[in-house]
$ cat work.cif   # mmCIF, C-alpha atoms
data_coords
loop_
_atom_site.label_atom_id
_atom_site.label_comp_id
_atom_site.auth_asym_id
_atom_site.auth_seq_id
_atom_site.Cartn_x
_atom_site.Cartn_y
_atom_site.Cartn_z
CA MET A 170 -73.39 -164.29 64.96
CA ALA A 171 -74.25 -160.61 65.40
CA PRO A 172 -71.47 -158.04 64.89
CA PHE A 173 -69.40 -157.17 67.96
CA PRO A 174 -71.04 -153.80 68.79
CA VAL A 175 -74.40 -155.56 69.09
CA LEU A 176 -72.92 -158.27 71.31
CA LEU A 177 -71.31 -155.59 73.47
CA LEU A 178 -74.61 -153.72 73.81
CA VAL A 179 -76.43 -156.87 74.88
CA MET A 180 -73.76 -157.77 77.45
CA ALA A 181 -73.67 -154.21 78.79
CA ALA A 182 -77.47 -154.09 79.05
CA ALA A 183 -77.58 -157.28 81.11
CA ALA A 184 -74.74 -156.08 83.36
CA LEU A 185 -76.38 -152.69 83.90
CA PHE A 186 -79.72 -154.31 84.68
CA CYS A 187 -78.08 -156.30 87.50
CA ARG A 188 -76.26 -153.22 88.81
CA TYR A 189 -79.40 -151.14 89.06
CA ALA A 190 -82.38 -153.51 89.50
CA GLY A 191 -81.94 -154.17 93.22
CA TYR A 192 -81.12 -150.55 93.97
CA ILE A 193 -84.23 -149.30 92.13
CA ALA A 194 -86.49 -151.99 93.59
CA MET A 195 -85.63 -150.78 97.08
CA ARG A 196 -87.35 -147.47 96.33
CA TYR A 197 -90.67 -149.27 96.10
CA LEU A 198 -90.20 -151.36 99.21
CA PRO A 199 -91.68 -149.78 102.32
CA LYS A 200 -88.99 -148.61 104.75
CA SER A 201 -88.91 -151.02 107.66
CA PRO A 202 -86.32 -151.68 110.35
CA ARG A 203 -86.80 -155.41 109.78
CA ILE A 204 -85.80 -155.10 106.12
CA GLU A 205 -82.86 -152.89 107.07
CA ALA A 206 -81.71 -155.51 109.58
CA ALA A 207 -81.96 -158.12 106.82
CA LEU A 208 -79.89 -156.01 104.42
CA ARG A 209 -77.29 -155.29 107.08
CA ALA A 210 -76.85 -159.03 107.65
CA THR A 211 -76.10 -159.86 103.99
CA PRO A 212 -72.41 -158.84 103.92
CA VAL A 213 -71.29 -160.98 106.84
CA SER A 214 -73.12 -163.97 105.32
CA VAL A 215 -71.51 -163.33 101.94
CA MET A 216 -68.06 -162.94 103.56
CA ALA A 217 -68.50 -166.23 105.41
CA GLY A 218 -69.77 -167.82 102.19
CA ILE A 219 -66.82 -166.64 100.07
CA ALA A 220 -64.34 -167.83 102.70
CA ALA A 221 -66.10 -171.19 103.11
CA ILE A 222 -66.13 -171.82 99.35
CA ALA A 223 -62.41 -171.03 99.16
CA VAL A 224 -61.72 -173.56 101.92
CA VAL A 225 -63.79 -176.24 100.20
CA GLN A 226 -62.08 -175.56 96.87
CA GLY A 227 -58.57 -174.89 98.08
CA GLY A 228 -57.80 -177.57 100.61
CA VAL A 229 -55.45 -177.43 103.57
CA THR A 230 -53.09 -174.55 102.67
CA ASP A 231 -55.98 -172.23 101.87
CA ALA A 232 -57.82 -173.25 105.02
CA VAL A 233 -54.69 -172.50 107.09
CA ALA A 234 -54.28 -169.11 105.40
CA LEU A 235 -57.92 -168.13 105.95
CA ALA A 236 -57.85 -169.32 109.55
CA ALA A 237 -54.76 -167.11 109.94
CA ALA A 238 -56.73 -164.20 108.45
CA VAL A 239 -59.39 -164.65 111.13
CA GLY A 240 -56.89 -165.14 113.96
CA LEU A 241 -54.69 -162.20 112.89
CA THR A 242 -57.72 -159.92 112.72
CA PHE A 243 -58.48 -160.63 116.37
CA LEU A 244 -54.77 -160.34 117.25
CA LEU A 245 -53.91 -157.18 115.32
CA GLY A 246 -57.31 -155.50 115.33
CA ASN A 247 -56.68 -154.57 111.67
CA ASP A 248 -58.52 -156.56 109.01
CA VAL A 249 -56.54 -155.19 106.05
CA ALA A 250 -53.16 -156.11 107.54
CA ALA A 251 -54.55 -159.52 108.54
CA ALA A 252 -55.81 -160.24 105.01
CA LEU A 253 -52.54 -159.21 103.35
CA LEU A 254 -50.49 -161.31 105.76
CA ALA A 255 -52.80 -164.26 105.10
CA VAL A 256 -52.30 -163.93 101.34
CA ALA A 257 -48.53 -163.77 101.83
CA LEU A 258 -48.75 -166.87 104.01
CA ALA A 259 -50.78 -168.68 101.35
CA ALA A 260 -48.25 -167.76 98.65
CA GLY A 261 -45.45 -169.00 100.91
CA LEU A 262 -47.22 -172.24 101.75
CA ARG A 263 -48.00 -172.91 98.10
CA TYR A 264 -44.38 -172.26 97.18
CA LEU A 265 -43.17 -174.69 99.85
CA THR A 266 -45.69 -177.36 98.90
CA GLY A 267 -44.87 -177.01 95.22
CA GLY A 268 -47.93 -174.94 94.29
CA GLY A 269 -50.31 -177.76 95.15
CA ALA A 270 -53.38 -177.27 97.26
CA MET B 170 -79.73 -132.32 102.11
CA HIS B 171 -77.52 -134.92 100.54
CA ALA B 172 -74.92 -136.91 102.49
CA PRO B 173 -71.24 -135.88 102.18
CA PHE B 174 -69.41 -136.83 98.99
CA THR B 175 -65.87 -135.50 99.26
CA MET B 176 -62.34 -135.94 97.91
CA ASP B 177 -61.32 -137.09 101.37
CA GLY B 178 -63.82 -139.95 101.27
CA LEU B 179 -62.69 -140.83 97.76
CA ARG B 180 -59.06 -140.95 98.87
CA ARG B 181 -59.86 -143.12 101.88
CA GLY B 182 -61.82 -145.49 99.66
CA ALA B 183 -59.01 -145.66 97.11
CA ARG B 184 -56.54 -146.60 99.83
CA ALA B 185 -58.87 -149.38 100.97
CA GLY B 186 -59.31 -150.68 97.42
CA LEU B 187 -55.64 -150.63 96.45
CA PRO B 188 -54.67 -154.19 97.55
CA LEU B 189 -57.63 -155.60 95.62
CA GLY B 190 -56.62 -153.58 92.56
CA GLY B 191 -53.44 -155.67 92.38
CA ALA B 192 -55.29 -158.97 92.57
CA ILE B 193 -57.86 -157.85 90.01
CA PHE B 194 -55.04 -156.80 87.68
CA VAL B 195 -53.96 -160.46 87.56
CA TYR B 196 -57.51 -161.50 86.66
CA GLY B 197 -57.63 -158.76 84.03
CA LEU B 198 -54.56 -160.38 82.44
CA ALA B 199 -56.44 -163.68 82.37
CA PHE B 200 -59.46 -162.12 80.66
CA GLY B 201 -57.17 -160.35 78.17
CA LEU B 202 -55.67 -163.69 77.24
CA VAL B 203 -59.10 -165.27 76.77
CA ALA B 204 -60.16 -162.25 74.70
CA VAL B 205 -57.26 -162.86 72.32
CA GLN B 206 -58.36 -166.48 71.89
CA THR B 207 -61.90 -165.23 71.25
CA GLN B 208 -60.44 -163.07 68.43
CA LEU B 209 -61.35 -159.82 70.14
CA SER B 210 -59.18 -156.83 69.27
CA LEU B 211 -57.53 -154.71 71.98
CA ALA B 212 -60.25 -152.07 71.64
CA GLN B 213 -63.02 -154.68 71.79
CA ALA B 214 -61.55 -156.35 74.87
CA LEU B 215 -61.16 -153.01 76.64
CA ALA B 216 -64.70 -151.98 75.68
CA THR B 217 -66.04 -155.25 77.09
CA SER B 218 -64.11 -154.83 80.34
CA ALA B 219 -65.32 -151.25 80.73
CA ALA B 220 -68.97 -151.90 79.84
CA VAL B 221 -69.52 -155.22 81.62
CA TYR B 222 -66.85 -154.90 84.35
CA SER B 223 -67.33 -158.37 85.78
CA GLY B 224 -64.73 -161.10 85.44
CA SER B 225 -67.06 -164.07 85.83
CA ALA B 226 -69.65 -162.70 83.38
CA GLN B 227 -67.04 -161.73 80.80
CA LEU B 228 -65.33 -165.12 80.87
CA ALA B 229 -68.67 -166.88 80.43
CA ALA B 230 -69.64 -164.51 77.60
CA ALA B 231 -66.24 -164.96 75.91
CA ASN B 232 -66.78 -168.72 76.05
CA LEU B 233 -70.11 -168.33 74.26
CA ILE B 234 -68.73 -165.96 71.64
CA GLN B 235 -65.78 -168.28 71.02
CA SER B 236 -68.11 -171.24 70.50
CA GLY B 237 -69.93 -169.17 67.86
CA GLN B 238 -73.23 -169.84 69.63
CA ALA B 239 -73.76 -166.38 71.02
CA ALA B 240 -77.43 -165.90 70.18
CA LEU B 241 -78.30 -162.52 71.64
CA VAL B 242 -80.82 -163.95 74.09
CA THR B 243 -78.33 -166.57 75.29
CA LEU B 244 -75.66 -163.92 75.76
CA PHE B 245 -78.04 -161.64 77.66
CA VAL B 246 -79.23 -164.42 79.97
CA THR B 247 -75.67 -165.65 80.59
CA VAL B 248 -74.47 -162.23 81.76
CA LEU B 249 -77.69 -161.78 83.74
CA LEU B 250 -77.25 -165.08 85.59
CA MET B 251 -73.53 -164.58 86.20
CA ASN B 252 -74.20 -161.12 87.64
CA ALA B 253 -77.46 -161.78 89.48
CA ARG B 254 -75.71 -161.25 92.82
CA TYR B 255 -75.35 -157.55 91.95
CA ILE B 256 -79.13 -157.21 92.35
CA MET B 257 -78.67 -158.13 96.01
CA PHE B 258 -75.57 -155.91 96.34
CA GLY B 259 -77.47 -152.89 95.01
CA ALA B 260 -80.44 -153.48 97.30
CA ALA B 261 -78.20 -153.72 100.36
CA LEU B 262 -76.45 -150.46 99.45
CA HIS B 263 -79.67 -148.52 98.91
CA PRO B 264 -80.37 -147.22 102.44
CA TRP B 265 -76.87 -145.70 102.60
CA LEU B 266 -76.17 -144.75 99.00
CA SER B 267 -79.58 -143.21 98.30
CA GLN B 268 -78.62 -140.36 100.61
CA ALA B 269 -76.12 -139.16 98.00
CA SER B 270 -77.42 -137.11 95.06
CA PRO B 271 -78.95 -139.42 92.42
CA PRO B 272 -76.34 -138.81 89.67
CA ARG B 273 -73.54 -139.60 92.12
CA ALA B 274 -75.32 -142.67 93.44
CA TRP B 275 -75.95 -144.01 89.93
CA ALA B 276 -72.39 -143.35 88.83
CA SER B 277 -71.08 -145.03 91.98
CA LEU B 278 -72.95 -148.24 91.15
CA LEU B 279 -71.02 -148.48 87.88
CA LEU B 280 -67.83 -149.06 89.87
CA LEU B 281 -69.35 -151.75 92.08
CA GLY B 282 -67.68 -155.17 92.27
CA ASP B 283 -67.74 -158.11 94.70
CA ALA B 284 -64.77 -156.89 96.70
CA ASN B 285 -65.66 -153.26 97.09
CA TRP B 286 -69.24 -154.11 97.96
CA LEU B 287 -67.80 -155.99 100.94
CA PHE B 288 -65.43 -153.10 101.74
CA VAL B 289 -68.19 -150.51 101.61
CA MET B 290 -70.69 -152.57 103.63
CA ARG B 291 -67.97 -153.08 106.25
CA ALA B 292 -67.20 -149.35 106.25
CA ILE B 293 -70.91 -148.51 106.60
CA GLU B 294 -71.07 -150.79 109.62
CA LYS B 295 -68.15 -148.85 111.10
CA GLY B 296 -70.03 -145.59 110.52
CA GLU B 297 -68.67 -144.36 107.16
CA GLN B 298 -70.65 -141.26 106.19
CA ASP B 299 -68.85 -140.16 103.03
CA ARG B 300 -70.66 -141.58 100.00
CA ALA B 301 -67.58 -141.01 97.79
CA PHE B 302 -65.94 -143.91 99.63
CA LEU B 303 -67.63 -146.35 97.21
CA VAL B 304 -66.23 -144.65 94.09
CA GLY B 305 -62.87 -144.45 95.83
CA THR B 306 -62.71 -148.20 96.44
CA GLY B 307 -63.83 -148.83 92.87
CA LEU B 308 -61.15 -146.71 91.15
CA PRO B 309 -58.04 -148.82 91.84
CA MET B 310 -60.03 -151.98 91.10
CA PHE B 311 -61.35 -150.64 87.81
CA ALA B 312 -57.86 -149.37 86.89
CA GLY B 313 -56.38 -152.79 87.68
CA TRP B 314 -59.05 -154.55 85.62
CA MET B 315 -58.55 -152.31 82.55
CA LEU B 316 -54.76 -152.34 82.77
CA GLY B 317 -54.78 -156.12 83.18
CA THR B 318 -57.15 -156.59 80.24
CA GLY B 319 -54.99 -154.42 77.99
CA LEU B 320 -51.70 -156.05 78.94
CA GLY B 321 -53.28 -159.51 78.72
CA VAL B 322 -54.34 -158.85 75.13
CA LEU B 323 -50.98 -157.35 74.17
CA SER B 324 -48.84 -160.02 75.79
CA GLY B 325 -51.13 -162.76 74.51
CA GLN B 326 -49.31 -165.49 76.38
CA ILE B 327 -47.11 -164.33 79.24
CA LEU B 328 -49.40 -165.00 82.13
CA PRO B 329 -48.46 -165.09 85.76
CA ASP B 330 -50.27 -167.93 87.49
CA PRO B 331 -52.83 -166.39 89.88
CA HIS B 332 -52.57 -169.55 91.96
CA THR B 333 -48.82 -169.27 92.65
CA LEU B 334 -49.17 -165.59 93.56
CA ALA B 335 -52.17 -166.49 95.74
CA ALA B 336 -54.08 -163.70 93.97
CA ASP B 337 -57.08 -166.04 93.93
CA LEU B 338 -57.04 -165.93 97.72
CA MET B 339 -57.06 -162.13 98.02
CA LEU B 340 -60.86 -161.80 98.05
CA PRO B 341 -61.44 -164.80 100.38
CA ALA B 342 -58.73 -163.50 102.74
CA PHE B 343 -60.33 -160.08 102.91
CA ALA B 344 -63.74 -161.70 103.33
CA ALA B 345 -62.47 -163.86 106.19
CA SER B 346 -60.74 -161.03 108.06
CA MET B 347 -63.60 -158.55 107.58
CA MET B 348 -66.00 -161.23 108.78
CA ALA B 349 -63.82 -161.78 111.86
CA GLY B 350 -63.97 -158.05 112.53
CA MET B 351 -67.76 -158.09 112.31
CA LEU B 352 -68.12 -161.12 114.57
CA ARG B 353 -67.43 -158.86 117.55
CA HIS B 354 -71.16 -158.14 117.37
CA ARG B 355 -73.05 -161.19 118.46
CA ALA B 356 -75.87 -160.46 116.00
CA ALA B 357 -73.45 -161.31 113.16
CA LEU B 358 -72.79 -164.84 114.38
CA LEU B 359 -75.93 -166.53 113.03
CA PRO B 360 -75.77 -164.90 109.56
CA ALA B 361 -72.09 -165.88 109.32
CA ILE B 362 -72.67 -169.54 110.23
CA LEU B 363 -75.69 -169.78 107.94
CA GLY B 364 -73.86 -168.00 105.12
CA ALA B 365 -70.92 -170.41 105.26
CA GLY B 366 -73.12 -173.52 105.40
CA VAL B 367 -75.53 -172.46 102.67
CA ALA B 368 -72.73 -171.23 100.40
CA VAL B 369 -70.92 -174.57 100.53
CA ALA B 370 -74.13 -176.52 99.87
CA VAL B 371 -75.20 -174.34 96.94
CA PHE B 372 -71.66 -174.12 95.56
CA GLU B 373 -71.59 -177.89 95.06
CA LEU B 374 -74.87 -177.71 93.14
CA ALA B 375 -74.77 -174.47 91.22
CA GLY B 376 -71.37 -172.72 91.42
CA THR B 377 -69.97 -169.63 93.08
CA GLY B 378 -72.37 -166.96 91.81
CA TRP B 379 -75.49 -168.66 93.15
CA ALA B 380 -73.69 -169.70 96.31
CA ILE B 381 -73.01 -166.03 97.10
CA ILE B 382 -76.64 -165.08 96.48
CA ALA B 383 -77.91 -167.96 98.58
CA ALA B 384 -75.53 -167.07 101.43
CA GLY B 385 -76.67 -163.45 101.39
CA LEU B 386 -80.35 -164.39 101.29
CA ALA B 387 -79.95 -166.92 104.10
CA GLY B 388 -78.34 -164.28 106.30
CA ALA B 389 -80.97 -161.71 105.38
CA PHE B 390 -83.88 -164.02 106.17
CA ALA B 391 -82.32 -165.10 109.45
CA ALA B 392 -81.75 -161.50 110.49
CA ALA B 393 -85.30 -160.56 109.51
CA ALA B 394 -86.71 -163.53 111.42
CA ILE B 395 -84.89 -162.81 114.67
CA TRP B 396 -85.33 -159.03 114.50
CA ARG B 397 -87.32 -157.61 117.41
CA PRO B 398 -88.72 -154.08 117.64
CA VAL B 399 -87.28 -153.51 121.13
CA GLY B 400 -83.46 -153.24 121.38
CA PRO B 401 -81.42 -156.38 122.11
CA GLY B 402 -82.12 -157.63 125.62
CA ALA B 403 -78.67 -159.04 126.22
CA ARG B 404 -76.01 -156.38 126.79
#
$ encode --input "work.cif" --output "structure tokens"
Amino acid sequence: MAPFPVLLLVMAAAALFCRYAGYIAMRYLPKSPRIEAALRATPVSVMAGIAAIAVVQGGVTDAVALAAAVGLTFLLGNDVAAALLAVALAAGLRYLTGGGA
Amino acid sequence: MHAPFTMDGLRRGARAGLPLGGAIFVYGLAFGLVAVQTQLSLAQALATSAAVYSGSAQLAAANLIQSGQAALVTLFVTVLLMNARYIMFGAALHPWLSQASPPRAWASLLLLGDANWLFVMRAIEKGEQDRAFLVGTGLPMFAGWMLGTGLGVLSGQILPDPHTLAADLMLPAFAASMMAGMLRHRAALLPAILGAGVAVAVFELAGTGWAIIAAGLAGAFAAAAIWRPVGPGAR
């Protein structure tokens, strides 16, 4: 196996490529409101995706906690407070159910 | 002229990123522990965390190195595949971030992670103008990651269980609540439903990284398909 500095360089190069490739590619894409609408839609899809995966992986307690995150956001109008309360709820539920999902 | 890039924006970003910094600290501990098992020194583990700065990619790479099968091409491709979602993250940030001066924009991208990409995209939607917000959100997360890595290597075994602390749910909880906030706009409904459905389907087949990419692409294509040049008819 190559010495560590070489391994580090290779890992860093791959990571940097991913960080910059999409950003640079956008320079060569023509500016269009349709593309901007597409880009603006990615975060909400990714958020929904991350939450959905957590529910599928985590089971009932996680689903309850994430549903609480959604409900509390509508109730409190503050997404940060809602998320933190949901995490606290999840920790509490896991403690009560013996750490199981 | 370039868009604003101020200390105030940095501070606001740092405040937003602080809760995630705590959760990422716990994951840093986990990587530190794996690094010890991979026979990395403290300096090597810290260098990896600083240069790669991606939990999923580093754990996969550490696995390869530990198995002794880290051919350079394999290592490169592994990190590339684990981090492919960052290509999408960078593209989505371009319209906003490219209005900062290039050195600042490029430096900002070094502090990009899953969580603060979501934070910044949410802030942009709310009208954030200060481009230093991105660096601000990244600082507590990066600090948590480095501190966690270091302590994980030094402790070597004392590891709080991320599951008991529900640290593993920090990102999903923020994702869920930020999504709820965005659902006030009806245009977000279709991308959200598609994103959830596609992510679950792809997750079963190919894991989290690809599920996130697929969700983002599904939302992007849907938004592009339903986009109309004239403003929304329904008001």
$ closest_atom_pairs --input "work.cif" --of "chain B" --to "chain A" --cutoff "6 Å" --atoms "all atoms listed in the file" --output "CSV"
residue,atom,partner,partner_atom,distance
B:Ala220,CA,A:Ala181,CA,5.3
B:Val221,CA,A:Ala181,CA,5.1
B:Phe245,CA,A:Ala183,CA,5.6
B:Val248,CA,A:Ala183,CA,5.9
B:Leu249,CA,A:Ala183,CA,5.2
B:Ala253,CA,A:Cys187,CA,5.9
B:Tyr255,CA,A:Cys187,CA,5.4
B:Ile256,CA,A:Gly191,CA,4.2
B:Met257,CA,A:Gly191,CA,5.8
B:Gly259,CA,A:Tyr192,CA,4.5
B:Ala260,CA,A:Gly191,CA,4.4
B:Ala261,CA,A:Leu208,CA,5.0
B:His263,CA,A:Tyr192,CA,5.5
B:Thr333,CA,A:Gly268,CA,6.0
B:Leu334,CA,A:Ala260,CA,5.6
B:Ala335,CA,A:Ala260,CA,5.0
B:Pro341,CA,A:Ala220,CA,4.8
B:Ala342,CA,A:Ala252,CA,4.9
B:Phe343,CA,A:Ala252,CA,5.0
B:Ala344,CA,A:Met216,CA,4.5
B:Ala345,CA,A:Ala220,CA,5.6
B:Ser346,CA,A:Val239,CA,4.9
B:Met347,CA,A:Asp248,CA,5.6
B:Met348,CA,A:Val213,CA,5.6
B:Ala349,CA,A:Val239,CA,5.3
B:Pro360,CA,A:Ser214,CA,5.1
B:Ala361,CA,A:Ser214,CA,4.6
B:Gly364,CA,A:Ser214,CA,4.1
B:Ala365,CA,A:Gly218,CA,4.2
B:Ala368,CA,A:Gly218,CA,4.9
B:Val369,CA,A:Ile222,CA,5.6
B:Ile381,CA,A:Val215,CA,5.7
B:Ala384,CA,A:Val215,CA,5.5
B:Gly385,CA,A:Thr211,CA,4.5
B:Gly388,CA,A:Ser214,CA,5.3
B:Ala389,CA,A:Ala207,CA,4.0
B:Ala392,CA,A:Ala207,CA,5.0
B:Ala393,CA,A:Ala207,CA,4.9
$ residues_around --input "work.cif" --residues "Ala269 of chain B" --least-positions-apart "3" --cutoff "10 Å" --atoms "all atoms listed in the file" --output "PDB file with C-alpha atoms, in the frame of the given file"
ATOM      1  CA  MET B 170     -79.730-132.320 102.110  1.00  0.00           C
ATOM      2  CA  HIS B 171     -77.520-134.920 100.540  1.00  0.00           C
ATOM      3  CA  ALA B 172     -74.920-136.910 102.490  1.00  0.00           C
ATOM      4  CA  PRO B 173     -71.240-135.880 102.180  1.00  0.00           C
ATOM      5  CA  PHE B 174     -69.410-136.830  98.990  1.00  0.00           C
ATOM      6  CA  TRP B 265     -76.870-145.700 102.600  1.00  0.00           C
ATOM      7  CA  LEU B 266     -76.170-144.750  99.000  1.00  0.00           C
ATOM      8  CA  PRO B 272     -76.340-138.810  89.670  1.00  0.00           C
ATOM      9  CA  ARG B 273     -73.540-139.600  92.120  1.00  0.00           C
ATOM     10  CA  ALA B 274     -75.320-142.670  93.440  1.00  0.00           C
ATOM     11  CA  TRP B 275     -75.950-144.010  89.930  1.00  0.00           C
ATOM     12  CA  SER B 277     -71.080-145.030  91.980  1.00  0.00           C
ATOM     13  CA  ASP B 299     -68.850-140.160 103.030  1.00  0.00           C
ATOM     14  CA  ARG B 300     -70.660-141.580 100.000  1.00  0.00           C
ATOM     15  CA  ALA B 301     -67.580-141.010  97.790  1.00  0.00           C
TER      16      ALA B 301
END
$ closest_residue --input "work.cif" --among "A:Leu245, A:Pro172, A:Leu265, A:Gly228" --to "Ala239 of chain B" --atoms "only C-alpha atoms"
A:Pro172
$ resolve_selection --input "work.cif" --expression "the PyMOL selection byres ((chain B and resi 218) around 12)" --output "PyMOL selection string"
(chain A and resi 177+180-181+184) or (chain B and resi 193-194+196-201+204+209+211-217+219-228+230-231+280+310-319+321-322)
$ atom_distance --input "work.cif" --atom1 "atom CA of Met176 of chain B" --atom2 "atom CA of Pro309 of chain B"
14.9 Å
